[in-house]
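Structure data (PDB, C-alpha atoms) from upload_15.pdb:
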```pdb
ATOM      1  CA  MET A  16      39.649 121.546  71.672
ATOM      2  CA  ILE A  17      38.183 119.097  69.124
ATOM      3  CA  HIS A  18      34.582 118.055  69.896
ATOM      4  CA  HIS A  19      33.568 116.255  66.696
ATOM      5  CA  LEU A  20      35.218 114.763  63.629
ATOM      6  CA  ARG A  21      33.626 113.668  60.374
ATOM      7  CA  GLY A  22      35.758 112.175  57.647
ATOM      8  CA  ILE A  23      36.823 109.111  55.701
ATOM      9  CA  LEU A  24      37.874 106.073  57.711
ATOM     10  CA  HIS A  25      41.461 105.476  56.576
ATOM     11  CA  SER A  26      42.197 102.456  58.778
ATOM     12  CA  LYS A  27      41.097 100.720  61.961
ATOM     13  CA  GLY A  28      42.944  98.418  64.295
ATOM     14  CA  ASN A  29      43.148  97.499  67.945
ATOM     15  CA  LEU A  30      41.187 100.355  69.597
ATOM     16  CA  LEU A  31      42.683 102.853  67.148
ATOM     17  CA  VAL A  32      41.214 104.365  64.006
ATOM     18  CA  VAL A  33      42.708 106.864  61.594
ATOM     19  CA  LEU A  34      40.212 109.362  60.251
ATOM     20  CA  ASP A  35      41.063 111.412  57.138
ATOM     21  CA  VAL A  36      39.525 114.856  57.552
ATOM     22  CA  GLY A  37      40.396 117.181  54.676
ATOM     23  CA  GLY A  38      43.670 115.392  53.983
ATOM     24  CA  VAL A  39      44.791 115.291  57.637
ATOM     25  CA  GLY A  40      44.890 111.885  59.342
ATOM     26  CA  TYR A  41      43.676 111.964  62.944
ATOM     27  CA  GLY A  42      44.550 108.995  65.142
ATOM     28  CA  VAL A  43      41.604 108.393  67.468
ATOM     29  CA  THR A  44      41.422 105.829  70.292
ATOM     30  CA  VAL A  45      37.978 104.209  70.457
ATOM     31  CA  PRO A  46      36.361 101.558  72.669
ATOM     32  CA  LEU A  47      35.450  98.189  71.146
ATOM     33  CA  THR A  48      31.767  99.164  71.147
ATOM     34  CA  THR A  49      32.460 102.054  68.785
ATOM     35  CA  LEU A  50      34.969 100.043  66.734
ATOM     36  CA  SER A  51      32.371  97.327  66.128
ATOM     37  CA  ARG A  52      29.887  99.901  64.762
ATOM     38  CA  LEU A  53      32.263 101.324  62.156
ATOM     39  CA  ASP A  54      32.094 100.267  58.523
ATOM     40  CA  GLU A  55      35.119  99.293  56.482
ATOM     41  CA  PRO A  56      37.907 101.739  55.527
ATOM     42  CA  GLY A  57      36.755 104.172  52.862
ATOM     43  CA  SER A  58      33.409 104.832  54.542
ATOM     44  CA  THR A  59      32.373 108.185  56.007
ATOM     45  CA  VAL A  60      32.515 108.236  59.791
ATOM     46  CA  SER A  61      31.342 110.718  62.439
ATOM     47  CA  LEU A  62      32.770 110.536  65.954
ATOM     48  CA  HIS A  63      32.102 112.465  69.135
ATOM     49  CA  ILE A  64      35.574 113.441  70.353
ATOM     50  CA  HIS A  65      37.097 113.933  73.772
ATOM     51  CA  THR A  66      40.447 115.751  73.616
ATOM     52  CA  GLU A  67      42.909 114.778  76.334
ATOM     53  CA  VAL A  68      45.748 117.285  76.740
ATOM     54  CA  ARG A  69      48.911 116.360  78.657
ATOM     55  CA  GLU A  70      52.309 118.004  78.904
ATOM     56  CA  ASP A  71      53.822 115.648  76.351
ATOM     57  CA  ALA A  72      50.868 114.752  74.121
ATOM     58  CA  ILE A  73      47.404 115.543  72.815
ATOM     59  CA  GLU A  74      45.235 112.424  72.482
ATOM     60  CA  LEU A  75      41.854 112.052  70.832
ATOM     61  CA  PHE A  76      39.227 109.588  72.055
ATOM     62  CA  GLY A  77      36.236 108.933  69.829
ATOM     63  CA  PHE A  78      32.749 107.567  70.392
ATOM     64  CA  SER A  79      29.966 106.750  67.974
ATOM     65  CA  GLU A  80      27.325 107.775  70.532
ATOM     66  CA  GLU A  81      27.154 110.838  72.750
ATOM     67  CA  GLY A  82      26.229 108.676  75.760
ATOM     68  CA  GLU A  83      29.549 106.829  75.493
ATOM     69  CA  ARG A  84      31.502 110.077  75.542
ATOM     70  CA  THR A  85      29.500 111.233  78.560
ATOM     71  CA  ALA A  86      30.226 107.937  80.348
ATOM     72  CA  PHE A  87      33.915 108.228  79.432
ATOM     73  CA  ARG A  88      34.119 111.728  80.901
ATOM     74  CA  LEU A  89      32.250 110.597  83.999
ATOM     75  CA  LEU A  90      34.696 107.717  84.517
ATOM     76  CA  ARG A  91      37.629 110.096  83.995
ATOM     77  CA  SER A  92      36.356 112.209  86.894
ATOM     78  CA  VAL A  93      37.085 109.321  89.289
ATOM     79  CA  GLN A  94      40.557 109.619  90.802
ATOM     80  CA  GLY A  95      42.798 106.827  89.517
ATOM     81  CA  ILE A  96      40.822 106.223  86.294
ATOM     82  CA  GLY A  97      42.925 107.328  83.334
ATOM     83  CA  PRO A  98      41.725 107.592  79.737
ATOM     84  CA  ARG A  99      42.999 104.119  78.774
ATOM     85  CA  MET A 100      41.226 102.488  81.702
ATOM     86  CA  ALA A 101      38.023 104.385  80.882
ATOM     87  CA  VAL A 102      38.226 103.114  77.281
ATOM     88  CA  ASN A 103      38.869  99.584  78.575
ATOM     89  CA  ILE A 104      35.787  99.760  80.819
ATOM     90  CA  LEU A 105      33.608 100.979  77.940
ATOM     91  CA  SER A 106      35.049  98.240  75.721
ATOM     92  CA  ARG A 107      33.808  95.616  78.194
ATOM     93  CA  LEU A 108      30.540  97.209  79.364
ATOM     94  CA  SER A 109      27.783  99.006  77.513
ATOM     95  CA  VAL A 110      26.773 102.363  78.934
ATOM     96  CA  GLU A 111      23.519 100.727  80.085
ATOM     97  CA  GLU A 112      25.381  98.007  81.985
ATOM     98  CA  LEU A 113      27.736 100.521  83.582
ATOM     99  CA  VAL A 114      24.810 102.704  84.678
ATOM    100  CA  ALA A 115      22.898  99.692  86.028
ATOM    101  CA  TYR A 116      25.868  98.497  88.098
ATOM    102  CA  ILE A 117      26.458 101.964  89.521
ATOM    103  CA  ARG A 118      22.782 102.629  90.156
ATOM    104  CA  HIS A 119      22.279  99.332  91.978
ATOM    105  CA  GLU A 120      25.637  99.595  93.761
ATOM    106  CA  ASP A 121      26.706  96.231  92.357
ATOM    107  CA  ALA A 122      30.439  96.387  93.039
ATOM    108  CA  VAL A 123      30.769  92.618  92.524
ATOM    109  CA  ALA A 124      29.518  92.758  88.922
ATOM    110  CA  LEU A 125      31.508  95.924  88.193
ATOM    111  CA  SER A 126      34.712  94.418  89.591
ATOM    112  CA  ARG A 127      34.507  91.576  87.032
ATOM    113  CA  THR A 128      35.689  94.083  84.432
ATOM    114  CA  PRO A 129      39.434  93.561  83.849
ATOM    115  CA  GLY A 130      41.474  96.207  85.650
ATOM    116  CA  ILE A 131      38.763  97.030  88.175
ATOM    117  CA  GLY A 132      39.138  95.342  91.538
ATOM    118  CA  PRO A 133      36.559  95.500  94.343
ATOM    119  CA  LYS A 134      38.131  98.622  95.870
ATOM    120  CA  ARG A 135      38.104 100.565  92.586
ATOM    121  CA  ALA A 136      34.566  99.351  91.792
ATOM    122  CA  GLY A 137      33.415 100.688  95.154
ATOM    123  CA  LYS A 138      35.067 104.045  94.464
ATOM    124  CA  ILE A 139      33.431 104.317  91.027
ATOM    125  CA  ILE A 140      30.020 103.642  92.574
ATOM    126  CA  LEU A 141      30.583 106.039  95.467
ATOM    127  CA  ASP A 142      31.819 108.865  93.229
ATOM    128  CA  LEU A 143      29.319 108.484  90.390
ATOM    129  CA  LYS A 144      26.020 107.225  91.803
ATOM    130  CA  ASP A 145      24.614 110.688  92.482
ATOM    131  CA  ARG A 146      25.911 112.119  89.207
ATOM    132  CA  LEU A 147      24.119 109.818  86.727
ATOM    133  CA  LEU A 148      20.986 111.966  86.527
ATOM    134  CA  GLU A 149      23.008 115.194  86.534
ATOM    135  CA  VAL A 150      24.925 114.216  83.371
ATOM    136  CA  GLY A 151      21.898 112.756  81.603
ATOM    137  CA  LEU A 152      22.796 109.066  81.795
ATOM    138  CA  LEU A 153      19.772 108.344  83.986
ATOM    139  CA  PRO A 154      16.715 110.109  82.563
ATOM    140  CA  GLU A 155      14.130 111.174  85.143
ATOM    141  CA  LYS A 156      11.474 109.122  83.365
ATOM    142  CA  ASP A 157      13.693 106.078  83.932
ATOM    143  CA  LEU A 158      13.653 106.696  87.665
ATOM    144  CA  ALA A 159       9.880 106.914  87.809
ATOM    145  CA  GLY A 160       9.020 104.464  85.049
ATOM    146  CA  ARG A 161      10.742 101.317  86.300
ATOM    147  CA  ASN A 162       9.846  99.676  89.586
ATOM    148  CA  ALA A 163      12.605  98.372  91.838
ATOM    149  CA  GLU A 164      11.835  94.706  91.063
ATOM    150  CA  ASP A 165      12.168  95.232  87.309
ATOM    151  CA  GLY A 166      15.388  97.170  87.887
ATOM    152  CA  ASP A 167      16.847  94.272  89.868
ATOM    153  CA  LEU A 168      15.672  91.799  87.241
ATOM    154  CA  LEU A 169      17.237  93.885  84.461
ATOM    155  CA  LEU A 170      20.518  94.035  86.357
ATOM    156  CA  ALA A 171      20.481  90.240  86.882
ATOM    157  CA  LEU A 172      19.928  89.624  83.160
ATOM    158  CA  LEU A 173      22.678  92.081  82.178
ATOM    159  CA  GLY A 174      24.974  90.247  84.598
ATOM    160  CA  LEU A 175      24.171  86.996  82.795
ATOM    161  CA  GLY A 176      25.335  88.500  79.515
ATOM    162  CA  TYR A 177      22.050  89.456  77.845
ATOM    163  CA  SER A 178      21.886  92.804  76.068
ATOM    164  CA  ARG A 179      19.699  95.544  77.505
ATOM    165  CA  ALA A 180      17.337  95.254  74.515
ATOM    166  CA  GLN A 181      16.910  91.485  75.016
ATOM    167  CA  ALA A 182      16.434  91.881  78.764
ATOM    168  CA  GLU A 183      13.871  94.685  78.484
ATOM    169  CA  LYS A 184      11.908  92.794  75.831
ATOM    170  CA  ALA A 185      11.774  89.683  78.041
ATOM    171  CA  ILE A 186      10.757  91.684  81.133
ATOM    172  CA  ALA A 187       7.996  93.437  79.184
ATOM    173  CA  ALA A 188       6.722  90.048  77.960
ATOM    174  CA  LEU A 189       6.671  88.547  81.467
ATOM    175  CA  PRO A 190       3.050  87.818  82.513
ATOM    176  CA  GLN A 191       1.995  89.341  85.830
ATOM    177  CA  ASN A 192       1.205  85.903  87.313
ATOM    178  CA  ASP A 193       4.833  84.806  86.681
ATOM    179  CA  ARG A 194       6.158  87.648  88.805
ATOM    180  CA  GLY A 195       7.145  86.813  92.341
ATOM    181  CA  SER A 196      10.469  86.841  94.086
ATOM    182  CA  LEU A 197      13.499  87.932  92.073
ATOM    183  CA  GLU A 198      14.467  84.266  91.629
ATOM    184  CA  ASP A 199      10.985  83.316  90.361
ATOM    185  CA  SER A 200      10.859  86.276  87.979
ATOM    186  CA  LEU A 201      14.376  85.520  86.739
ATOM    187  CA  ARG A 202      13.484  81.873  86.058
ATOM    188  CA  ALA A 203      10.355  82.886  84.148
ATOM    189  CA  THR A 204      12.231  85.555  82.196
ATOM    190  CA  LEU A 205      14.970  83.073  81.204
ATOM    191  CA  LYS A 206      12.258  80.768  79.836
ATOM    192  CA  THR A 207      10.887  83.674  77.816
ATOM    193  CA  LEU A 208      14.365  84.492  76.499
ATOM    194  CA  SER A 209      14.871  80.903  75.350
ATOM    195  CA  ARG A 210      11.845  81.334  73.047
ATOM    196  CA  PHE A 211      13.165  84.501  71.351
TER     197      PHE A 211
END
```
Translate this file's structure into structure tokens.
Amino acid sequence: MIHHLRGILHSKGNLLVVLDVGGVGYGVTVPLTTLSRLDEPGSTVSLHIHTEVREDAIELFGFSEEGERTAFRLLRSVQGIGPRMAVNILSRLSVEELVAYIRHEDAVALSRTPGIGPKRAGKIILDLKDRLLEVGLLPEKDLAGRNAEDGDLLLALLGLGYSRAQAEKAIAALPQNDRGSLEDSLRATLKTLSRF
């Protein structure tokens, strides 16, 4: 079982990289998020590896961050989600977005990911909601440190395409007197974001 690879990036293409480790080229499937973080061929790369063993093949899946590998393995635990679909989901959603959709049971937002219909989105939420804390994707301080209104506001901003960093910065900058209903807070936060 391979857990980690560090080597020279030989080549990268559509969700596939070849890593030269001691003269052996390992083909590793990666999500777009990881692919976008890699430097050009010739650079040194470290990847967290998930080894998928089947009767007819051994496949390697690589992630630049441990949280992505954890999310991948969590998705793989859902019946009907194969490794390619899990990579596709993590290519379209950040780990933070995935966790937010599951945590808030937002099947509509989750089902917008290609390949995930409403039924599959519901199954992902049902199977994984109680496991987020267990696998470390939802730190306990996160549960206590964010009120429900801010959580809903964060989810709304992620759904509009803002990154988690942008959304959290805007929420933190939101004056208390601009907070009201979710719609009011969202309007005020969007104004703040337009100034960044």
Q: Could you tell me which residues the PyMOL selection byres ((chain A and resi 132-143) around 7) grabs in this file, written as a ChimeraX atom specification?
A: /A:93,117,120,122-123,125-126,130-131,144-147
What does the file look like for those residues with C-alpha atoms, as a CSV table (one decimal), in the coordinates of the input?
```
chain,number,residue,atom,x,y,z
A,93,VAL,CA,37.1,109.3,89.3
A,117,ILE,CA,26.5,102.0,89.5
A,120,GLU,CA,25.6,99.6,93.8
A,122,ALA,CA,30.4,96.4,93.0
A,123,VAL,CA,30.8,92.6,92.5
A,125,LEU,CA,31.5,95.9,88.2
A,126,SER,CA,34.7,94.4,89.6
A,130,GLY,CA,41.5,96.2,85.6
A,131,ILE,CA,38.8,97.0,88.2
A,144,LYS,CA,26.0,107.2,91.8
A,145,ASP,CA,24.6,110.7,92.5
A,146,ARG,CA,25.9,112.1,89.2
A,147,LEU,CA,24.1,109.8,86.7
```
Q. Expanded to explicit residues, what is the PyMOL selection byres ((chain A and resi 187-196) around 10) for this file, as a ChimeraX atom specification?
A. /A:164-165,168,182-186,197-208
May I have the selected residues written with C-alpha atoms, as a short mmCIF file (atom, residue, chain, number, x, y, z; two decimals), keeping the file's coordinate frame?
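And here's out-v5.cif as it stands now:
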```cif
data_model
loop_
_atom_site.label_atom_id
_atom_site.label_comp_id
_atom_site.auth_asym_id
_atom_site.auth_seq_id
_atom_site.Cartn_x
_atom_site.Cartn_y
_atom_site.Cartn_z
CA GLU A 164 11.84 94.71 91.06
CA ASP A 165 12.17 95.23 87.31
CA LEU A 168 15.67 91.80 87.24
CA ALA A 182 16.43 91.88 78.76
CA GLU A 183 13.87 94.68 78.48
CA LYS A 184 11.91 92.79 75.83
CA ALA A 185 11.77 89.68 78.04
CA ILE A 186 10.76 91.68 81.13
CA LEU A 197 13.50 87.93 92.07
CA GLU A 198 14.47 84.27 91.63
CA ASP A 199 10.98 83.32 90.36
CA SER A 200 10.86 86.28 87.98
CA LEU A 201 14.38 85.52 86.74
CA ARG A 202 13.48 81.87 86.06
CA ALA A 203 10.36 82.89 84.15
CA THR A 204 12.23 85.56 82.20
CA LEU A 205 14.97 83.07 81.20
CA LYS A 206 12.26 80.77 79.84
CA THR A 207 10.89 83.67 77.82
CA LEU A 208 14.36 84.49 76.50
#
```
Q: Can you work out the spacing between atom CA of A:Ala115 and atom CA of A:Val60 in Å, to one decimal?
A: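 Those two atoms sit 29.2 Å apart.
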Q: Just the residues within 10 Å of stretch 30-38 of chain A, please, counting only C-alpha atoms, with nothing from its chain fewer than 3 positions along; format it as a PyMOL selection string.
A: chain A and resi 20-27+41-51+53+56-62+75-77+102-103+106
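Going from atom CA of A:Phe87 to atom CA of A:Glu149 covers 14.8 Å.
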